[in-house]
>>> print(open('work-v5.cif').read())   # mmCIF, C-alpha atoms
data_input
loop_
_atom_site.group_PDB
_atom_site.id
_atom_site.type_symbol
_atom_site.label_atom_id
_atom_site.label_comp_id
_atom_site.auth_asym_id
_atom_site.auth_seq_id
_atom_site.Cartn_x
_atom_site.Cartn_y
_atom_site.Cartn_z
ATOM 1 C CA MET W 1 203.459 -4.663 -25.854
ATOM 2 C CA THR W 2 201.055 -3.488 -23.163
ATOM 3 C CA PRO W 3 197.568 -4.863 -23.807
ATOM 4 C CA GLU W 4 194.857 -2.305 -24.502
ATOM 5 C CA PRO W 5 192.862 -1.644 -21.318
ATOM 6 C CA ARG W 6 189.428 -3.216 -21.192
ATOM 7 C CA ALA W 7 186.370 -1.010 -20.866
ATOM 8 C CA VAL W 8 183.288 -1.462 -18.709
ATOM 9 C CA LEU W 9 180.192 0.654 -18.331
ATOM 10 C CA ILE W 10 178.640 0.539 -14.872
ATOM 11 C CA THR W 11 175.156 2.010 -14.610
ATOM 12 C CA GLY W 12 174.213 3.490 -11.259
ATOM 13 C CA SER W 13 177.839 3.923 -10.309
ATOM 14 C CA THR W 14 177.820 7.223 -8.441
ATOM 15 C CA ARG W 15 177.269 5.405 -5.152
ATOM 16 C CA GLY W 16 176.704 2.080 -3.429
ATOM 17 C CA ILE W 17 177.520 -1.220 -5.100
ATOM 18 C CA GLY W 18 177.960 0.428 -8.511
ATOM 19 C CA ARG W 19 180.566 2.809 -7.201
ATOM 20 C CA ALA W 20 182.369 0.087 -5.258
ATOM 21 C CA SER W 21 182.466 -1.984 -8.445
ATOM 22 C CA ALA W 22 183.883 0.984 -10.346
ATOM 23 C CA GLU W 23 186.643 1.418 -7.771
ATOM 24 C CA ALA W 24 187.494 -2.290 -7.896
ATOM 25 C CA LEU W 25 187.709 -2.380 -11.685
ATOM 26 C CA LEU W 26 189.730 0.826 -11.850
ATOM 27 C CA GLU W 27 192.216 -0.879 -9.526
ATOM 28 C CA ASP W 28 192.381 -3.705 -12.061
ATOM 29 C CA GLY W 29 193.236 -1.257 -14.859
ATOM 30 C CA TRP W 30 189.862 -1.062 -16.589
ATOM 31 C CA ILE W 31 188.492 2.049 -18.261
ATOM 32 C CA VAL W 32 185.243 2.561 -16.376
ATOM 33 C CA GLY W 33 182.196 4.452 -17.649
ATOM 34 C CA ILE W 34 180.550 6.120 -14.678
ATOM 35 C CA ASN W 35 176.809 6.518 -14.979
ATOM 36 C CA GLY W 36 173.989 8.205 -13.149
ATOM 37 C CA ARG W 37 171.076 10.458 -14.038
ATOM 38 C CA ASP W 38 172.667 13.537 -12.475
ATOM 39 C CA ALA W 39 175.507 14.723 -14.741
ATOM 40 C CA ALA W 40 177.016 16.875 -11.992
ATOM 41 C CA ALA W 41 177.128 13.924 -9.591
ATOM 42 C CA VAL W 42 178.720 11.783 -12.314
ATOM 43 C CA ASP W 43 181.364 14.443 -12.965
ATOM 44 C CA ALA W 44 182.108 14.699 -9.251
ATOM 45 C CA VAL W 45 182.651 10.937 -8.954
ATOM 46 C CA VAL W 46 184.800 10.877 -12.091
ATOM 47 C CA ALA W 47 186.967 13.648 -10.637
ATOM 48 C CA GLU W 48 187.465 11.556 -7.490
ATOM 49 C CA LEU W 49 188.187 8.299 -9.304
ATOM 50 C CA GLY W 50 190.844 9.503 -11.723
ATOM 51 C CA GLU W 51 191.633 9.558 -15.414
ATOM 52 C CA ASN W 52 190.432 6.062 -16.320
ATOM 53 C CA ALA W 53 186.944 6.961 -15.114
ATOM 54 C CA VAL W 54 184.808 8.357 -17.940
ATOM 55 C CA PRO W 55 181.533 10.239 -17.440
ATOM 56 C CA VAL W 56 178.574 8.549 -19.154
ATOM 57 C CA PRO W 57 175.518 10.277 -17.697
ATOM 58 C CA PHE W 58 172.081 9.173 -18.876
ATOM 59 C CA ASP W 59 168.745 8.072 -17.489
ATOM 60 C CA VAL W 60 168.598 4.287 -17.764
ATOM 61 C CA THR W 61 164.845 4.436 -18.349
ATOM 62 C CA ASP W 62 165.417 6.403 -21.570
ATOM 63 C CA ALA W 63 166.225 3.673 -24.101
ATOM 64 C CA ALA W 64 167.348 6.073 -26.840
ATOM 65 C CA ALA W 65 169.634 7.912 -24.425
ATOM 66 C CA ALA W 66 171.107 4.602 -23.232
ATOM 67 C CA LEU W 67 171.788 3.473 -26.783
ATOM 68 C CA SER W 68 173.413 6.768 -27.707
ATOM 69 C CA ALA W 69 175.488 6.941 -24.521
ATOM 70 C CA ILE W 70 176.768 3.377 -24.823
ATOM 71 C CA ALA W 71 177.697 3.937 -28.466
ATOM 72 C CA GLY W 72 179.476 7.140 -27.400
ATOM 73 C CA PHE W 73 181.337 5.295 -24.648
ATOM 74 C CA ARG W 74 182.454 2.663 -27.159
ATOM 75 C CA LYS W 75 183.842 5.364 -29.407
ATOM 76 C CA GLN W 76 185.615 7.080 -26.537
ATOM 77 C CA ALA W 77 187.066 3.949 -24.961
ATOM 78 C CA GLY W 78 187.581 2.199 -28.301
ATOM 79 C CA ARG W 79 185.763 -0.922 -27.079
ATOM 80 C CA VAL W 80 183.177 -2.221 -24.641
ATOM 81 C CA ASP W 81 184.098 -5.441 -22.855
ATOM 82 C CA ALA W 82 181.563 -5.447 -20.074
ATOM 83 C CA LEU W 83 178.334 -3.944 -18.794
ATOM 84 C CA VAL W 84 177.466 -3.917 -15.114
ATOM 85 C CA HIS W 85 173.879 -2.792 -14.693
ATOM 86 C CA ALA W 86 173.847 -1.707 -11.071
ATOM 87 C CA ALA W 87 171.138 0.939 -11.437
ATOM 88 C CA GLY W 88 168.022 -0.067 -9.605
ATOM 89 C CA ILE W 89 165.461 1.107 -7.110
ATOM 90 C CA LEU W 90 163.906 -0.476 -4.057
ATOM 91 C CA LYS W 91 160.424 0.583 -3.014
ATOM 92 C CA SER W 92 158.048 -1.276 -0.758
ATOM 93 C CA SER W 93 154.285 -1.307 -0.445
ATOM 94 C CA PRO W 94 152.012 -3.726 1.386
ATOM 95 C CA VAL W 95 149.435 -5.616 -0.648
ATOM 96 C CA GLY W 96 146.273 -3.567 -0.964
ATOM 97 C CA LEU W 97 148.232 -0.347 -1.235
ATOM 98 C CA ILE W 98 150.243 -1.148 -4.365
ATOM 99 C CA GLY W 99 149.605 1.615 -6.915
ATOM 100 C CA ASP W 100 150.087 1.603 -10.667
ATOM 101 C CA GLU W 101 152.757 4.278 -10.384
ATOM 102 C CA LEU W 102 154.909 2.102 -8.116
ATOM 103 C CA VAL W 103 154.505 -0.875 -10.435
ATOM 104 C CA GLY W 104 155.436 1.202 -13.481
ATOM 105 C CA GLU W 105 158.447 2.820 -11.855
ATOM 106 C CA LEU W 106 159.933 -0.427 -10.544
ATOM 107 C CA LEU W 107 159.339 -2.254 -13.826
ATOM 108 C CA SER W 108 160.853 0.614 -15.783
ATOM 109 C CA VAL W 109 164.095 0.855 -13.805
ATOM 110 C CA ASN W 110 164.632 -2.725 -12.653
ATOM 111 C CA VAL W 111 163.406 -4.650 -15.696
ATOM 112 C CA ALA W 112 163.010 -2.545 -18.849
ATOM 113 C CA ALA W 113 166.272 -0.673 -18.286
ATOM 114 C CA ALA W 114 168.125 -3.953 -17.701
ATOM 115 C CA ILE W 115 166.896 -5.142 -21.089
ATOM 116 C CA THR W 116 167.584 -1.952 -23.026
ATOM 117 C CA THR W 117 171.058 -1.401 -21.596
ATOM 118 C CA SER W 118 171.942 -5.056 -22.139
ATOM 119 C CA GLN W 119 170.707 -4.840 -25.716
ATOM 120 C CA ALA W 120 172.788 -1.737 -26.359
ATOM 121 C CA ALA W 121 175.803 -3.400 -24.739
ATOM 122 C CA VAL W 122 175.436 -6.541 -26.861
ATOM 123 C CA ARG W 123 175.446 -4.287 -29.904
ATOM 124 C CA ALA W 124 178.638 -2.628 -28.689
ATOM 125 C CA MET W 125 180.277 -5.982 -27.864
ATOM 126 C CA ALA W 126 179.135 -7.885 -30.941
ATOM 127 C CA ARG W 127 182.071 -6.863 -33.102
ATOM 128 C CA GLY W 128 184.578 -7.975 -30.469
ATOM 129 C CA GLY W 129 183.161 -11.485 -30.213
ATOM 130 C CA ASN W 130 183.293 -11.546 -26.428
ATOM 131 C CA GLY W 131 182.043 -9.684 -23.405
ATOM 132 C CA SER W 132 180.444 -9.958 -20.011
ATOM 133 C CA ILE W 133 177.143 -8.565 -18.794
ATOM 134 C CA VAL W 134 176.342 -8.479 -15.091
ATOM 135 C CA LEU W 135 172.815 -7.711 -13.903
ATOM 136 C CA PHE W 136 171.530 -7.446 -10.363
ATOM 137 C CA GLY W 137 168.875 -9.601 -8.766
ATOM 138 C CA SER W 138 168.039 -9.626 -5.083
ATOM 139 C CA VAL W 139 167.334 -12.127 -2.348
ATOM 140 C CA ALA W 140 163.808 -10.648 -2.430
ATOM 141 C CA GLY W 141 163.514 -11.849 -6.020
ATOM 142 C CA GLU W 142 164.764 -15.330 -5.147
ATOM 143 C CA ASP W 143 163.026 -15.904 -1.809
ATOM 144 C CA GLY W 144 160.198 -13.348 -1.703
ATOM 145 C CA SER W 145 159.900 -10.502 0.768
ATOM 146 C CA SER W 146 156.870 -9.356 2.707
ATOM 147 C CA GLY W 147 155.694 -5.935 1.544
ATOM 148 C CA GLN W 148 157.844 -6.132 -1.566
ATOM 149 C CA ALA W 149 155.746 -8.053 -4.070
ATOM 150 C CA VAL W 150 156.507 -5.612 -6.881
ATOM 151 C CA TYR W 151 160.194 -5.203 -6.098
ATOM 152 C CA SER W 152 160.543 -8.985 -5.736
ATOM 153 C CA ALA W 153 158.809 -9.530 -9.067
ATOM 154 C CA THR W 154 161.148 -7.134 -10.856
ATOM 155 C CA LYS W 155 164.221 -8.777 -9.349
ATOM 156 C CA ALA W 156 162.934 -12.268 -10.148
ATOM 157 C CA ALA W 157 162.502 -11.051 -13.727
ATOM 158 C CA VAL W 158 166.213 -10.275 -13.856
ATOM 159 C CA GLY W 159 166.884 -14.009 -13.527
ATOM 160 C CA GLY W 160 164.789 -14.614 -16.636
ATOM 161 C CA ILE W 161 166.680 -11.958 -18.536
ATOM 162 C CA VAL W 162 170.031 -13.407 -17.472
ATOM 163 C CA ARG W 163 169.188 -16.980 -18.443
ATOM 164 C CA SER W 164 167.563 -16.025 -21.759
ATOM 165 C CA LEU W 165 170.291 -13.629 -22.866
ATOM 166 C CA ALA W 166 172.973 -16.106 -21.818
ATOM 167 C CA LYS W 167 171.471 -18.703 -24.152
ATOM 168 C CA GLU W 168 171.111 -16.225 -26.989
ATOM 169 C CA VAL W 169 174.467 -14.478 -26.912
ATOM 170 C CA GLY W 170 176.621 -17.289 -25.512
ATOM 171 C CA PRO W 171 177.437 -18.671 -28.960
ATOM 172 C CA ARG W 172 179.000 -15.267 -29.731
ATOM 173 C CA GLY W 173 181.243 -15.384 -26.673
ATOM 174 C CA ILE W 174 179.223 -12.967 -24.563
ATOM 175 C CA ARG W 175 178.506 -14.109 -21.010
ATOM 176 C CA VAL W 176 175.541 -12.940 -18.923
ATOM 177 C CA ASN W 177 175.313 -13.448 -15.181
ATOM 178 C CA GLY W 178 173.428 -12.078 -12.222
ATOM 179 C CA VAL W 179 174.567 -10.998 -8.800
ATOM 180 C CA VAL W 180 172.126 -11.564 -5.968
ATOM 181 C CA PRO W 181 173.063 -9.393 -3.014
ATOM 182 C CA GLY W 182 171.710 -10.174 0.414
ATOM 183 C CA ILE W 183 171.196 -7.353 2.895
ATOM 184 C CA ILE W 184 173.937 -4.895 2.051
ATOM 185 C CA ASP W 185 174.692 -1.811 4.099
ATOM 186 C CA THR W 186 174.198 0.819 1.377
ATOM 187 C CA ASP W 187 172.033 3.892 0.796
ATOM 188 C CA MET W 188 169.383 1.629 -0.715
ATOM 189 C CA ASN W 189 168.778 0.104 2.707
ATOM 190 C CA ALA W 190 169.261 3.366 4.583
ATOM 191 C CA ASP W 191 165.530 3.594 5.299
ATOM 192 C CA LEU W 192 165.514 0.306 7.196
ATOM 193 C CA PRO W 193 165.086 0.925 10.928
ATOM 194 C CA ALA W 194 168.124 -0.033 13.013
ATOM 195 C CA GLU W 195 166.084 -2.742 14.744
ATOM 196 C CA ARG W 196 165.187 -4.310 11.402
ATOM 197 C CA LYS W 197 168.833 -4.248 10.324
ATOM 198 C CA GLU W 198 169.757 -6.042 13.548
ATOM 199 C CA GLU W 199 167.061 -8.650 12.902
ATOM 200 C CA LEU W 200 168.345 -9.214 9.374
ATOM 201 C CA ALA W 201 171.918 -9.477 10.593
ATOM 202 C CA ALA W 202 170.790 -11.998 13.202
ATOM 203 C CA ALA W 203 169.029 -14.020 10.505
ATOM 204 C CA THR W 204 172.194 -14.123 8.430
ATOM 205 C CA PRO W 205 174.503 -17.031 9.306
ATOM 206 C CA LEU W 206 177.508 -14.703 9.131
ATOM 207 C CA ARG W 207 175.647 -12.443 11.627
ATOM 208 C CA ARG W 208 176.166 -9.146 9.854
ATOM 209 C CA LEU W 209 175.125 -7.135 6.814
ATOM 210 C CA GLY W 210 177.302 -7.220 3.730
ATOM 211 C CA THR W 211 179.304 -4.353 2.312
ATOM 212 C CA ALA W 212 179.279 -2.867 -1.166
ATOM 213 C CA GLU W 213 182.925 -3.878 -1.542
ATOM 214 C CA GLU W 214 182.047 -7.538 -0.891
ATOM 215 C CA VAL W 215 179.495 -7.451 -3.694
ATOM 216 C CA ALA W 216 181.986 -5.639 -5.928
ATOM 217 C CA SER W 217 184.383 -8.561 -5.441
ATOM 218 C CA LEU W 218 181.896 -10.818 -7.218
ATOM 219 C CA VAL W 219 181.362 -8.261 -9.988
ATOM 220 C CA ARG W 220 185.128 -8.112 -10.440
ATOM 221 C CA PHE W 221 185.223 -11.897 -10.797
ATOM 222 C CA LEU W 222 182.297 -12.062 -13.226
ATOM 223 C CA VAL W 223 183.722 -9.524 -15.672
ATOM 224 C CA SER W 224 187.184 -11.089 -15.519
ATOM 225 C CA ASP W 225 188.589 -13.981 -17.524
ATOM 226 C CA ALA W 226 188.653 -15.985 -14.295
ATOM 227 C CA SER W 227 184.922 -16.610 -14.823
ATOM 228 C CA ARG W 228 185.188 -17.299 -18.553
ATOM 229 C CA PHE W 229 183.190 -20.563 -18.361
ATOM 230 C CA ILE W 230 180.413 -19.142 -16.200
ATOM 231 C CA THR W 231 177.231 -17.831 -17.802
ATOM 232 C CA GLY W 232 173.504 -17.829 -17.126
ATOM 233 C CA THR W 233 173.893 -17.998 -13.370
ATOM 234 C CA MET W 234 172.515 -15.975 -10.486
ATOM 235 C CA ILE W 235 175.152 -15.945 -7.751
ATOM 236 C CA ARG W 236 174.295 -14.977 -4.206
ATOM 237 C CA VAL W 237 176.421 -12.744 -1.997
ATOM 238 C CA ASP W 238 174.256 -12.952 1.082
ATOM 239 C CA GLY W 239 176.283 -14.202 4.024
ATOM 240 C CA GLY W 240 174.237 -17.414 3.930
ATOM 241 C CA LEU W 241 170.874 -15.650 4.298
ATOM 242 C CA HIS W 242 169.294 -18.186 1.925
ATOM 243 C CA LEU W 243 169.884 -20.907 4.517
ATOM 244 C CA SER W 244 167.785 -19.179 7.134
ATOM 245 C CA MET V 245 184.035 4.371 -53.143
ATOM 246 C CA THR V 246 180.275 4.160 -53.492
ATOM 247 C CA VAL V 247 177.891 3.770 -50.576
ATOM 248 C CA ALA V 248 176.771 0.470 -52.061
ATOM 249 C CA ASN V 249 180.323 -0.862 -52.226
ATOM 250 C CA ARG V 250 181.078 0.216 -48.675
ATOM 251 C CA LEU V 251 177.830 -1.340 -47.452
ATOM 252 C CA GLN V 252 178.525 -4.614 -49.245
ATOM 253 C CA SER V 253 181.947 -4.690 -47.651
ATOM 254 C CA ALA V 254 180.403 -4.066 -44.217
ATOM 255 C CA PHE V 255 178.012 -6.973 -44.780
ATOM 256 C CA ARG V 256 180.860 -9.303 -45.759
ATOM 257 C CA VAL V 257 183.009 -8.305 -42.777
ATOM 258 C CA ALA V 258 180.192 -8.484 -40.221
ATOM 259 C CA LEU V 259 178.766 -11.762 -41.486
ATOM 260 C CA GLU V 260 182.180 -13.291 -42.189
ATOM 261 C CA LEU V 261 181.493 -13.902 -45.865
ATOM 262 C CA PRO V 262 184.078 -14.332 -48.663
ATOM 263 C CA GLU V 263 185.231 -11.178 -50.428
ATOM 264 C CA ASP V 264 183.391 -12.139 -53.602
ATOM 265 C CA ALA V 265 180.082 -13.044 -51.923
ATOM 266 C CA ASP V 266 177.036 -11.348 -53.468
ATOM 267 C CA VAL V 267 175.129 -9.793 -50.589
ATOM 268 C CA THR V 268 172.820 -7.546 -52.593
ATOM 269 C CA GLU V 269 169.872 -9.949 -52.341
ATOM 270 C CA LEU V 270 170.559 -10.946 -48.749
ATOM 271 C CA LYS V 271 167.763 -10.880 -46.178
ATOM 272 C CA TYR V 272 167.716 -11.438 -42.397
ATOM 273 C CA ARG V 273 168.052 -15.142 -41.533
ATOM 274 C CA ASP V 274 168.766 -16.087 -45.180
ATOM 275 C CA ILE V 275 172.072 -17.458 -43.943
ATOM 276 C CA GLU V 276 173.185 -18.953 -40.638
ATOM 277 C CA GLN V 277 175.530 -16.042 -39.872
ATOM 278 C CA TRP V 278 172.729 -13.456 -40.040
ATOM 279 C CA ASP V 279 170.996 -14.460 -36.808
ATOM 280 C CA SER V 280 170.039 -12.085 -33.986
ATOM 281 C CA ILE V 281 173.617 -11.586 -32.791
ATOM 282 C CA GLY V 282 174.931 -11.468 -36.349
ATOM 283 C CA HIS V 283 172.392 -8.705 -36.812
ATOM 284 C CA MET V 284 173.900 -6.764 -33.907
ATOM 285 C CA THR V 285 177.365 -7.264 -35.387
ATOM 286 C CA LEU V 286 176.134 -6.066 -38.755
ATOM 287 C CA VAL V 287 174.452 -3.001 -37.277
ATOM 288 C CA ALA V 288 177.624 -2.134 -35.365
ATOM 289 C CA GLU V 289 179.729 -2.583 -38.515
ATOM 290 C CA ILE V 290 177.454 -0.354 -40.620
ATOM 291 C CA GLU V 291 177.305 2.280 -37.863
ATOM 292 C CA ASN V 292 181.072 2.240 -37.633
ATOM 293 C CA GLU V 293 181.637 2.383 -41.390
ATOM 294 C CA PHE V 294 179.220 5.261 -42.001
ATOM 295 C CA ASP V 295 179.505 6.990 -38.614
ATOM 296 C CA VAL V 296 175.779 6.837 -38.033
ATOM 297 C CA MET V 297 173.659 5.447 -35.221
ATOM 298 C CA PHE V 298 170.422 3.588 -35.831
ATOM 299 C CA SER V 299 167.457 3.753 -33.499
ATOM 300 C CA THR V 300 165.997 0.523 -32.152
ATOM 301 C CA GLU V 301 163.147 0.834 -34.654
ATOM 302 C CA GLU V 302 165.618 1.187 -37.517
ATOM 303 C CA VAL V 303 167.575 -1.828 -36.261
ATOM 304 C CA VAL V 304 164.370 -3.861 -36.359
ATOM 305 C CA ASN V 305 163.606 -2.632 -39.886
ATOM 306 C CA LEU V 306 167.113 -3.321 -41.179
ATOM 307 C CA SER V 307 165.985 -6.666 -42.507
ATOM 308 C CA SER V 308 167.837 -6.823 -45.819
ATOM 309 C CA TYR V 309 170.745 -5.357 -47.728
ATOM 310 C CA THR V 310 168.291 -3.235 -49.716
ATOM 311 C CA ALA V 311 166.653 -1.907 -46.543
ATOM 312 C CA ALA V 312 170.062 -0.962 -45.157
ATOM 313 C CA LEU V 313 170.990 0.863 -48.356
ATOM 314 C CA ASP V 314 167.673 2.740 -48.346
ATOM 315 C CA MET V 315 168.189 3.762 -44.713
ATOM 316 C CA LEU V 316 171.634 5.138 -45.436
ATOM 317 C CA ARG V 317 170.369 7.073 -48.470
ATOM 318 C CA GLU V 318 167.494 8.490 -46.398
ATOM 319 C CA ARG V 319 170.112 9.737 -43.969
ATOM 320 C CA GLY V 320 171.881 11.531 -46.807
ATOM 321 C CA VAL V 321 174.946 9.302 -46.904
ATOM 322 C CA SER V 322 176.492 9.777 -50.331
ATOM 323 C CA ASP V 323 179.293 8.315 -52.429
ATOM 324 C CA SER V 324 182.755 9.496 -51.438
#
>>> encode(input="work-v5.cif", output="structure tokens")
Amino acid sequence: MTPEPRAVLITGSTRGIGRASAEALLEDGWIVGINGRDAAAVDAVVAELGENAVPVPFDVTDAAAALSAIAGFRKQAGRVDALVHAAGILKSSPVGLIGDELVGELLSVNVAAAITTSQAAVRAMARGGNGSIVLFGSVAGEDGSSGQAVYSATKAAVGGIVRSLAKEVGPRGIRVNGVVPGIIDTDMNADLPAERKEELAAATPLRRLGTAEEVASLVRFLVSDASRFITGTMIRVDGGLHLS
Amino acid sequence: MTVANRLQSAFRVALELPEDADVTELKYRDIEQWDSIGHMTLVAEIENEFDVMFSTEEVVNLSSYTAALDMLRERGVSDS
């Protein structure tokens, strides 16, 4: 008998690391919930990715919408085995110019949404007695980054969420881990000047920026049974940047 | 089957209790199985059984069997 396909919801999966993760998991036979705020963009990606991609559009900062959408995805797919919370924003501001709006926006998307989507996912996974949640940190959150005090704080907070949730839901078979990308060549870093990208590549022992697909490889591992004894960790995919 | 009977069954399934367990006086954390994750399992089981979805506030307030029954009745769920 063919086993029932597993189902994963990936927030922020219309582009970048989220989309690369969706493509990787579709290759592995998963049913993948594709999420973004823009329903038309979600539909367009779903049309490109094929029948096992399911549109799940909602704004991750709207907790009620997230709860409803994840419950709807569970009904549609019949199960939820994993959540990959790839939605996030990067904004910089030097100290002295940090405004309340920036603080609120980064906290809302990078921290509060990670908690609310994880909570909704735990609810969807609880009946199955197993599951995997993958959140995203950043090297800025681990090491600090000039001009990114707020962004760094929100990404450091993800580590706290990962470790706390892992302790709480581990006894029920649900694993929670974090991926810590280094400097990845995606839209999120599109605003970096070419010179700065070259500097960052030079500071990376592997002498280049990473790709979304390389980060997706770790996501693929963390939602799979191959990582079944790994929880509560923040794993870096940074080309050795932490050694610099 | 009455709402009460269906709800009691959902409690027993979600909290892995024997078929004859009396859950009508049960409150959150009364028993080891009804911890925070057991609560999520219970909420999911009730939502599935009655095809409803609770808000986060309702999930927080679902602190006993009686509270759950009241919530379902407030939503107009009736005996089938």
>>> axis_aligned_box(input="work-v5.cif", around="range 51-68 of chain W", padding_each_side="6 Å", output="lines of an AutoDock Vina configuration file")
center_x = 178.2
center_y = 6.9
center_z = -21.4
size_x = 38.8
size_y = 18.8
size_z = 24.6
>>> interface_residues(input="work-v5.cif", of="chain V", to="chain W", cutoff="10 Å", atoms="only C-alpha atoms", output="ChimeraX atom specification")
/V:257-258,279-289,291-292,297-300
>>> resolve_selection(input="work-v5.cif", expression="the PyMOL selection byres ((chain W and resi 200) around 12)", output="MDAnalysis selection string")
chainID W and resid 182:185 189 192:199 201:210 238:242 244
>>> residues_near_point(input="work-v5.cif", point="(176.7, -13.1, -19.3)", cutoff="7 Å", atoms="all atoms listed in the file", output="count of residues only")
11
>>> residues_near_point(input="work-v5.cif", point="(194.8, -3.9, -23.4)", cutoff="12 Å", atoms="all atoms listed in the file", output="PyMOL selection string")
chain W and resi 1-7+28-31+77-81
>>> resolve_selection(input="work-v5.cif", expression="the PyMOL selection byres ((chain V and resi 312) around 10)", output="number ranges by chain")
V: 248, 251, 255, 287, 290, 302-303, 305-311, 313-318
